[in-house]
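K.L.:
Supplied structure: run00.pdb, PDB, C-alpha atoms.
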```pdb
MODEL        1
ATOM      1  CA  MET A   1      36.153 -71.116  -7.133
ATOM      2  CA  LYS A   2      37.161 -69.330  -3.928
ATOM      3  CA  ASN A   3      39.517 -67.044  -5.897
ATOM      4  CA  LEU A   4      36.730 -66.205  -8.357
ATOM      5  CA  LEU A   5      34.351 -65.245  -5.551
ATOM      6  CA  LEU A   6      37.072 -63.146  -3.925
ATOM      7  CA  LYS A   7      37.672 -61.273  -7.188
ATOM      8  CA  ILE A   8      33.938 -60.632  -7.656
ATOM      9  CA  PHE A   9      33.658 -59.412  -4.051
ATOM     10  CA  SER A  10      36.641 -57.091  -4.517
ATOM     11  CA  VAL A  11      35.220 -55.585  -7.714
ATOM     12  CA  ASP A  12      31.835 -55.067  -6.045
ATOM     13  CA  LEU A  13      33.477 -53.440  -3.051
ATOM     14  CA  ILE A  14      35.411 -51.020  -5.275
ATOM     15  CA  ILE A  15      32.245 -50.110  -7.177
ATOM     16  CA  ILE A  16      30.359 -49.497  -3.932
ATOM     17  CA  LEU A  17      33.164 -47.297  -2.575
ATOM     18  CA  LEU A  18      33.359 -45.284  -5.790
ATOM     19  CA  PHE A  19      29.583 -44.843  -5.876
ATOM     20  CA  SER A  20      29.489 -43.802  -2.205
ATOM     21  CA  THR A  21      32.249 -41.252  -2.811
ATOM     22  CA  PHE A  22      30.353 -39.830  -5.804
ATOM     23  CA  ILE A  23      27.125 -39.537  -3.817
ATOM     24  CA  PHE A  24      28.934 -37.871  -0.914
ATOM     25  CA  TYR A  25      30.540 -35.172  -3.036
ATOM     26  CA  SER A  26      27.424 -34.696  -5.166
ATOM     27  CA  GLY A  27      25.276 -34.248  -2.094
ATOM     28  CA  CYS A  28      27.662 -31.710  -0.599
ATOM     29  CA  SER A  29      28.412 -29.771  -3.746
ATOM     30  CA  CYS A  30      25.616 -27.289  -3.149
ATOM     31  CA  LYS A  31      26.396 -26.581   0.504
ATOM     32  CA  PRO A  32      29.433 -24.367  -0.073
ATOM     33  CA  CYS A  33      27.372 -22.402  -2.594
ATOM     34  CA  GLN A  34      24.567 -21.942  -0.081
ATOM     35  CA  GLN A  35      26.987 -20.977   2.657
ATOM     36  CA  LYS A  36      28.706 -18.483   0.374
ATOM     37  CA  GLU A  37      25.343 -17.097  -0.693
ATOM     38  CA  GLU A  38      24.061 -16.707   2.860
ATOM     39  CA  SER A  39      27.409 -15.443   4.170
ATOM     40  CA  GLN A  40      27.048 -12.298   2.043
ATOM     41  CA  ILE A  41      24.546 -11.077   4.639
ATOM     42  CA  PRO A  42      25.949 -11.106   8.205
ATOM     43  CA  LEU A  43      23.552 -12.477  10.797
ATOM     44  CA  GLY A  44      23.476  -9.193  12.702
ATOM     45  CA  VAL A  45      22.536  -7.274   9.558
ATOM     46  CA  LEU A  46      19.860  -9.839   8.682
ATOM     47  CA  LYS A  47      18.265  -9.646  12.131
ATOM     48  CA  LYS A  48      18.055  -5.846  11.981
ATOM     49  CA  ALA A  49      16.609  -5.987   8.458
ATOM     50  CA  ASP A  50      13.988  -8.488   9.681
ATOM     51  CA  GLN A  51      13.115  -6.190  12.571
ATOM     52  CA  PHE A  52      12.675  -3.238  10.222
ATOM     53  CA  ILE A  53       9.994  -5.162   8.306
ATOM     54  CA  ILE A  54       8.410  -6.473  11.513
ATOM     55  CA  SER A  55       8.132  -2.899  12.818
ATOM     56  CA  LYS A  56       5.718  -2.273   9.943
ATOM     57  CA  THR A  57       3.980  -5.639   9.457
ATOM     58  CA  GLY A  58       3.999  -7.147  12.927
ATOM     59  CA  ASP A  59       5.738 -10.374  13.901
ATOM     60  CA  ASP A  60       2.933 -12.810  13.040
ATOM     61  CA  PHE A  61       2.366 -11.386   9.557
ATOM     62  CA  PHE A  62       6.112 -11.429   8.892
ATOM     63  CA  LYS A  63       6.563 -15.055   9.970
ATOM     64  CA  LYS A  64       3.578 -16.210   7.952
ATOM     65  CA  ASN A  65       4.139 -14.369   4.682
ATOM     66  CA  ILE A  66       7.665 -12.971   4.343
ATOM     67  CA  THR A  67      11.022 -14.730   3.860
ATOM     68  CA  VAL A  68      14.465 -13.405   2.980
ATOM     69  CA  ASP A  69      15.623 -14.147  -0.571
ATOM     70  CA  PHE A  70      19.333 -14.937  -0.273
ATOM     71  CA  SER A  71      19.662 -15.412  -4.035
ATOM     72  CA  GLN A  72      18.822 -11.748  -4.676
ATOM     73  CA  SER A  73      20.104 -10.127  -1.480
ATOM     74  CA  ARG A  74      23.729  -9.103  -1.848
ATOM     75  CA  HIS A  75      26.644  -7.126  -0.496
ATOM     76  CA  ILE A  76      27.144  -3.960  -2.516
ATOM     77  CA  ALA A  77      30.061  -2.516  -0.584
ATOM     78  CA  PRO A  78      29.817  -0.955   1.845
ATOM     79  CA  ASN A  79      26.043  -1.585   2.037
ATOM     80  CA  TYR A  80      23.663  -4.513   1.692
ATOM     81  CA  LEU A  81      20.702  -4.825  -0.662
ATOM     82  CA  MET A  82      18.020  -6.769   1.196
ATOM     83  CA  VAL A  83      15.394  -8.637  -0.821
ATOM     84  CA  TYR A  84      12.493 -10.579   0.669
ATOM     85  CA  LYS A  85       9.721 -12.657  -0.866
ATOM     86  CA  PHE A  86       6.218 -11.580   0.096
ATOM     87  CA  TYR A  87       3.690 -14.307  -0.674
ATOM     88  CA  MET A  88       0.232 -15.076   0.719
ATOM     89  CA  PRO A  89      -0.840 -18.644  -0.202
ATOM     90  CA  GLU A  90      -4.513 -17.867   0.395
ATOM     91  CA  LYS A  91      -4.265 -14.916  -2.029
ATOM     92  CA  PRO A  92      -2.001 -16.055  -4.909
ATOM     93  CA  PHE A  93      -1.996 -12.629  -6.581
ATOM     94  CA  VAL A  94       0.040 -11.399  -3.595
ATOM     95  CA  ASP A  95       3.420 -12.620  -4.827
ATOM     96  CA  GLU A  96       5.826  -9.697  -4.674
ATOM     97  CA  LEU A  97       9.321  -8.657  -3.603
ATOM     98  CA  ILE A  98      10.332  -6.380  -0.749
ATOM     99  CA  ARG A  99      13.535  -4.378  -1.334
ATOM    100  CA  PHE A 100      15.562  -1.916   0.709
ATOM    101  CA  THR A 101      19.182  -1.086   1.483
ATOM    102  CA  VAL A 102      20.977  -1.151   4.831
ATOM    103  CA  ASP A 103      24.463  -0.120   5.891
ATOM    104  CA  SER A 104      27.081  -2.408   7.436
ATOM    105  CA  ALA A 105      25.446  -2.002  10.844
ATOM    106  CA  GLY A 106      21.994  -2.952   9.536
ATOM    107  CA  LYS A 107      20.568   0.583   9.562
ATOM    108  CA  VAL A 108      18.072   1.250   6.771
ATOM    109  CA  LEU A 109      19.300   3.843   4.275
ATOM    110  CA  THR A 110      16.282   5.995   3.485
ATOM    111  CA  GLN A 111      18.014   7.729   0.568
ATOM    112  CA  TYR A 112      17.375   4.512  -1.347
ATOM    113  CA  GLU A 113      13.971   3.116  -2.241
ATOM    114  CA  VAL A 114      12.063   1.093   0.336
ATOM    115  CA  VAL A 115       9.710  -1.027  -1.736
ATOM    116  CA  GLY A 116       6.924  -3.434  -0.919
ATOM    117  CA  ILE A 117       6.465  -3.391   2.879
ATOM    118  CA  PRO A 118       2.764  -3.114   3.790
ATOM    119  CA  ASN A 119       2.261  -1.026   6.918
ATOM    120  CA  CYS A 120      -0.068  -3.315   8.858
ATOM    121  CA  ASN A 121       0.815  -1.761  12.203
ATOM    122  CA  SER A 122      -0.211   1.689  11.015
ATOM    123  CA  ASN A 123      -3.419   0.459   9.380
ATOM    124  CA  GLN A 124      -4.400  -3.215   9.620
ATOM    125  CA  ASN A 125      -6.758  -2.761   6.675
ATOM    126  CA  ASP A 126      -3.720  -2.136   4.450
ATOM    127  CA  CYS A 127      -2.858  -5.824   4.788
ATOM    128  CA  ASP A 128      -6.262  -7.341   3.988
ATOM    129  CA  PHE A 129      -5.971  -7.360   0.162
ATOM    130  CA  VAL A 130      -9.672  -8.077  -0.241
ATOM    131  CA  VAL A 131      -9.744  -6.838  -3.851
ATOM    132  CA  ASP A 132      -8.837  -9.581  -6.320
ATOM    133  CA  GLU A 133      -8.338  -9.214 -10.081
ATOM    134  CA  LYS A 134     -11.989  -9.900 -10.892
ATOM    135  CA  THR A 135     -13.190  -7.205  -8.488
ATOM    136  CA  ALA A 136     -10.584  -4.746  -9.766
ATOM    137  CA  LYS A 137     -11.842  -5.229 -13.333
ATOM    138  CA  GLN A 138     -15.421  -4.640 -12.186
ATOM    139  CA  ILE A 139     -14.381  -1.394 -10.472
ATOM    140  CA  ALA A 140     -12.559  -0.255 -13.623
ATOM    141  CA  THR A 141     -15.649  -0.963 -15.705
ATOM    142  CA  GLN A 142     -17.894   0.925 -13.273
ATOM    143  CA  ASN A 143     -15.527   3.889 -13.554
ATOM    144  CA  ASN A 144     -15.764   3.850 -17.349
ATOM    145  CA  LEU A 145     -12.189   2.847 -18.140
ATOM    146  CA  ALA A 146     -11.978   2.731 -21.931
ATOM    147  CA  LYS A 147     -12.307  -0.760 -23.375
ATOM    148  CA  GLY A 148      -9.372  -0.053 -25.695
ATOM    149  CA  ILE A 149      -8.082  -1.868 -28.757
ATOM    150  CA  THR A 150      -6.420  -4.689 -26.780
ATOM    151  CA  ASP A 151      -7.102  -6.488 -23.515
ATOM    152  CA  TRP A 152      -6.463  -4.435 -20.409
ATOM    153  CA  LYS A 153      -3.040  -4.804 -18.803
ATOM    154  CA  ILE A 154      -3.774  -5.674 -15.163
ATOM    155  CA  ASP A 155      -1.118  -5.833 -12.436
ATOM    156  CA  PHE A 156      -1.042  -6.109  -8.667
ATOM    157  CA  VAL A 157       1.918  -3.849  -7.808
ATOM    158  CA  TRP A 158       3.532  -1.710  -5.154
ATOM    159  CA  ASN A 159       2.860   1.978  -5.744
ATOM    160  CA  ASN A 160       5.505   4.328  -4.351
ATOM    161  CA  ASN A 161       3.286   7.427  -4.575
ATOM    162  CA  HIS A 162       0.560   5.898  -2.424
ATOM    163  CA  ASN A 163       2.966   3.713  -0.438
ATOM    164  CA  LYS A 164       0.768   0.645  -0.719
ATOM    165  CA  TYR A 165      -0.197  -2.258  -2.964
ATOM    166  CA  VAL A 166      -2.668  -1.408  -5.703
ATOM    167  CA  TRP A 167      -4.273  -2.782  -8.811
ATOM    168  CA  GLU A 168      -3.005  -0.928 -11.868
ATOM    169  CA  ILE A 169      -5.137  -1.363 -14.990
ATOM    170  CA  ILE A 170      -3.990   0.111 -18.290
ATOM    171  CA  SER A 171      -6.180   0.546 -21.356
ATOM    172  CA  THR A 172      -4.637   1.220 -24.794
ATOM    173  CA  ILE A 173      -6.843   3.354 -27.028
ATOM    174  CA  LYS A 174      -4.451   4.067 -29.917
ATOM    175  CA  GLU A 175      -1.220   2.422 -30.987
ATOM    176  CA  THR A 176       1.102   2.889 -33.953
ATOM    177  CA  LYS A 177       4.335   0.971 -34.497
ATOM    178  CA  ASN A 178       6.935   0.862 -37.222
ATOM    179  CA  GLU A 179      10.701   0.456 -37.514
ATOM    180  CA  GLU A 180      11.388   4.070 -36.546
ATOM    181  CA  TYR A 181       9.021   4.745 -33.667
ATOM    182  CA  SER A 182       6.254   3.466 -31.420
ATOM    183  CA  ARG A 183       3.327   5.626 -30.370
ATOM    184  CA  ALA A 184       0.465   4.792 -28.060
ATOM    185  CA  GLU A 185      -2.038   6.405 -25.751
ATOM    186  CA  GLY A 186      -4.783   5.364 -23.399
ATOM    187  CA  GLU A 187      -6.113   5.461 -19.855
ATOM    188  CA  LYS A 188      -4.905   4.114 -16.528
ATOM    189  CA  ILE A 189      -6.762   3.514 -13.299
ATOM    190  CA  ILE A 190      -5.223   2.748  -9.913
ATOM    191  CA  ILE A 191      -7.371   0.929  -7.353
ATOM    192  CA  ASP A 192      -6.641   0.401  -3.662
ATOM    193  CA  SER A 193      -6.265  -3.357  -3.170
ATOM    194  CA  ASN A 194      -7.666  -3.161   0.353
ATOM    195  CA  ASN A 195     -10.718  -0.905   0.275
ATOM    196  CA  ALA A 196     -11.577  -0.865  -3.474
ATOM    197  CA  SER A 197     -11.334   2.934  -3.712
ATOM    198  CA  VAL A 198     -10.126   4.530  -6.937
ATOM    199  CA  LEU A 199      -6.879   6.319  -6.105
ATOM    200  CA  SER A 200      -6.450   7.876  -9.538
ATOM    201  CA  LYS A 201      -7.631   7.723 -13.132
ATOM    202  CA  ASP A 202      -5.495   9.391 -15.788
ATOM    203  CA  THR A 203      -4.590   9.371 -19.439
ATOM    204  CA  TRP A 204      -1.156   8.293 -20.646
ATOM    205  CA  LYS A 205       0.772   8.798 -23.859
ATOM    206  CA  ILE A 206       3.976   7.484 -25.426
ATOM    207  CA  ASN A 207       5.407   9.476 -28.359
TER     208      ASN A 207
ENDMDL
END
```
Take the structure I supplied and represent it as structure tokens, if you would.
P.N.:
Amino acid sequence: MKNLLLKIFSVDLIIILLFSTFIFYSGCSCKPCQQKEESQIPLGVLKKADQFIISKTGDDFFKKNITVDFSQSRHIAPNYLMVYKFYMPEKPFVDELIRFTVDSAGKVLTQYEVVGIPNCNSNQNDCDFVVDEKTAKQIATQNNLAKGITDWKIDFVWNNNHNKYVWEIISTIKETKNEEYSRAEGEKIIIDSNNASVLSKDTWKIN
């Protein structure tokens, strides 16, 4: 009887050890990946990139709404592509990416695009985002945007020309598609997401 109990105890002990080993390695398997992912961006470079954004948004706004995205930031020798998530929980339509490129010392390279950083320090109103999708549609209607043949395409996006976030609403008036070509035309209106002003209203055409 004693031998039987000893055998059972030994088998149980082996199973527990094997299970513990499995859990240990499973739990740690992601850490090297995370470390490798984060190690692509040196700490000094990251801090300078953070400060570049903070110089435009302010520290409080940055801490509340902006976080670095290590999965998309990467080393593109000799420079670094920096990508940040910009999300405001109280305004779910504000869910965008910030992108810019820095050199190995963390200096921003202005010859590349700097996308998505609202300049709160220059104009606090540029970070209010008081215009939601419903209001943007009302403004488009008031400005006689064509109803079109399909539902309007509505996007909250960064606009490089105006250097701010806008509502872009596209109306399709005509559309022809076949195996050889696709043709369409319509109207587009761009609305300031902070003060509801119409920044532009134009026609567009794809031949």
K.L.:
How close does segment 89-151 of chain A get to segment 65-85 of chain A? List, as a tab-separated table, each residue of segment 89-151 of chain A within 12 Å, its nearest atom pair and the distance in Å to one decimal, counting all atoms listed in the file.
P.N.:
```
residue	atom	partner	partner_atom	distance
A:Pro89	CA	A:Asn65	CA	8.2
A:Glu90	CA	A:Asn65	CA	10.3
A:Lys91	CA	A:Asn65	CA	10.8
A:Pro92	CA	A:Asn65	CA	11.5
A:Val94	CA	A:Asn65	CA	9.7
A:Asp95	CA	A:Lys85	CA	7.4
A:Glu96	CA	A:Lys85	CA	6.2
A:Leu97	CA	A:Lys85	CA	4.9
A:Ile98	CA	A:Tyr84	CA	4.9
A:Arg99	CA	A:Val83	CA	4.7
A:Phe100	CA	A:Met82	CA	5.5
A:Thr101	CA	A:Leu81	CA	4.6
A:Val102	CA	A:Tyr80	CA	5.3
A:Asp103	CA	A:Asn79	CA	4.4
A:Ser104	CA	A:Asn79	CA	5.6
A:Ala105	CA	A:Asn79	CA	8.8
A:Gly106	CA	A:Tyr80	CA	8.2
A:Lys107	CA	A:Asn79	CA	9.6
A:Val108	CA	A:Tyr80	CA	9.5
A:Leu109	CA	A:Asn79	CA	8.9
A:Tyr112	CA	A:Leu81	CA	9.9
A:Glu113	CA	A:Leu81	CA	10.5
A:Val114	CA	A:Met82	CA	9.9
A:Val115	CA	A:Val83	CA	9.5
A:Gly116	CA	A:Tyr84	CA	9.2
A:Ile117	CA	A:Tyr84	CA	9.6
A:Pro118	CA	A:Ile66	CA	11.0
A:Cys127	CA	A:Asn65	CA	11.0
```
K.L.:
Check the smallest atom-to-atom distance from each of A:Phe61, A:Trp158, A:Tyr165, A:Trp152 to Val130 of chain A using all atoms listed in the file, then report the winner.
P.N.:
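Selected residue with least distance to Val130 of chain A: A:Tyr165.
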K.L.:
In terms of the shortest atom-to-atom distance over all atoms listed in the file, which of A:Gln40, A:Asn161, A:Asn194, A:Gln51 is closest to Gln124 of chain A?
P.N.:
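Result for the nearest residue to Gln124 of chain A: A:Asn194.
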K.L.:
Provide the atom CA of Gly58 of chain A to atom CA of Asn121 of chain A distance in Å, to one decimal place.
P.N.:
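So the answer is 6.3 Å.
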K.L.:
Evaluated on this file, the PyMOL selection byres ((chain A and resi 153) around 7) picks out some residues - which ones are they, written as number ranges by chain?
P.N.:
A: 151-152, 154-155, 169-171
K.L.:
Would you kindly return, as a count of residues only, each protein, DNA or RNA residue with an atom no farther than 7 Å from any atom of Val131 of chain A, considering all atoms listed in the file and excluding same-chain residues fewer than 5 positions away?
P.N.:
4
K.L.:
Every residue with an atom at most 8 Å from (-0.1, 1.0, -0.3) (file coordinates; all atoms listed in the file) is what I'm after, so could you write them as number ranges by chain?
P.N.:
A: 118-119, 126, 158-160, 162-166, 192
K.L.:
Residues as selected, C-alpha atoms, written as a CSV table (one decimal), in the frame of the given file, can you do that?
P.N.:
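What landed in result12.csv:
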```csv
chain,number,residue,atom,x,y,z
A,118,PRO,CA,2.8,-3.1,3.8
A,119,ASN,CA,2.3,-1.0,6.9
A,126,ASP,CA,-3.7,-2.1,4.4
A,158,TRP,CA,3.5,-1.7,-5.2
A,159,ASN,CA,2.9,2.0,-5.7
A,160,ASN,CA,5.5,4.3,-4.4
A,162,HIS,CA,0.6,5.9,-2.4
A,163,ASN,CA,3.0,3.7,-0.4
A,164,LYS,CA,0.8,0.6,-0.7
A,165,TYR,CA,-0.2,-2.3,-3.0
A,166,VAL,CA,-2.7,-1.4,-5.7
A,192,ASP,CA,-6.6,0.4,-3.7
```
K.L.:
Go through A:Lys174, A:Lys205, A:Ile191, A:Leu46 one by one, measure the shortest atom-to-atom distance of each to Phe129 of chain A using all atoms listed in the file, and give the residue with the smallest value.
P.N.:
A:Ile191
K.L.:
Return the single residue from A:Met88, A:Thr172, A:Val157, A:Glu179 that is closest to Thr203 of chain A, with distances computed using only C-alpha atoms.
P.N.:
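Looking only at the distances to Thr203 of chain A, the closest residue turns out to be A:Thr172.
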K.L.:
For atom CA of Thr135 of chain A and atom CA of Trp167 of chain A, quote the distance in Å rounded to one decimal.
P.N.:
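These atoms are spaced 10.0 Å apart.
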K.L.:
Quick one, how far is atom CA of Phe86 of chain A from atom CA of Lys56 of chain A?
P.N.:
13.6 Å
K.L.:
Could you write out as AutoDock Vina command-line options the box around segment 174-184 of chain A (axis-aligned, all atoms listed in the file, 6 Å on each side), with centre and edge lengths in Å to one decimal?
P.N.:
```
--center_x 3.5 --center_y 3.0 --center_z -32.8 --size_x 27.8 --size_y 17.2 --size_z 21.5
```
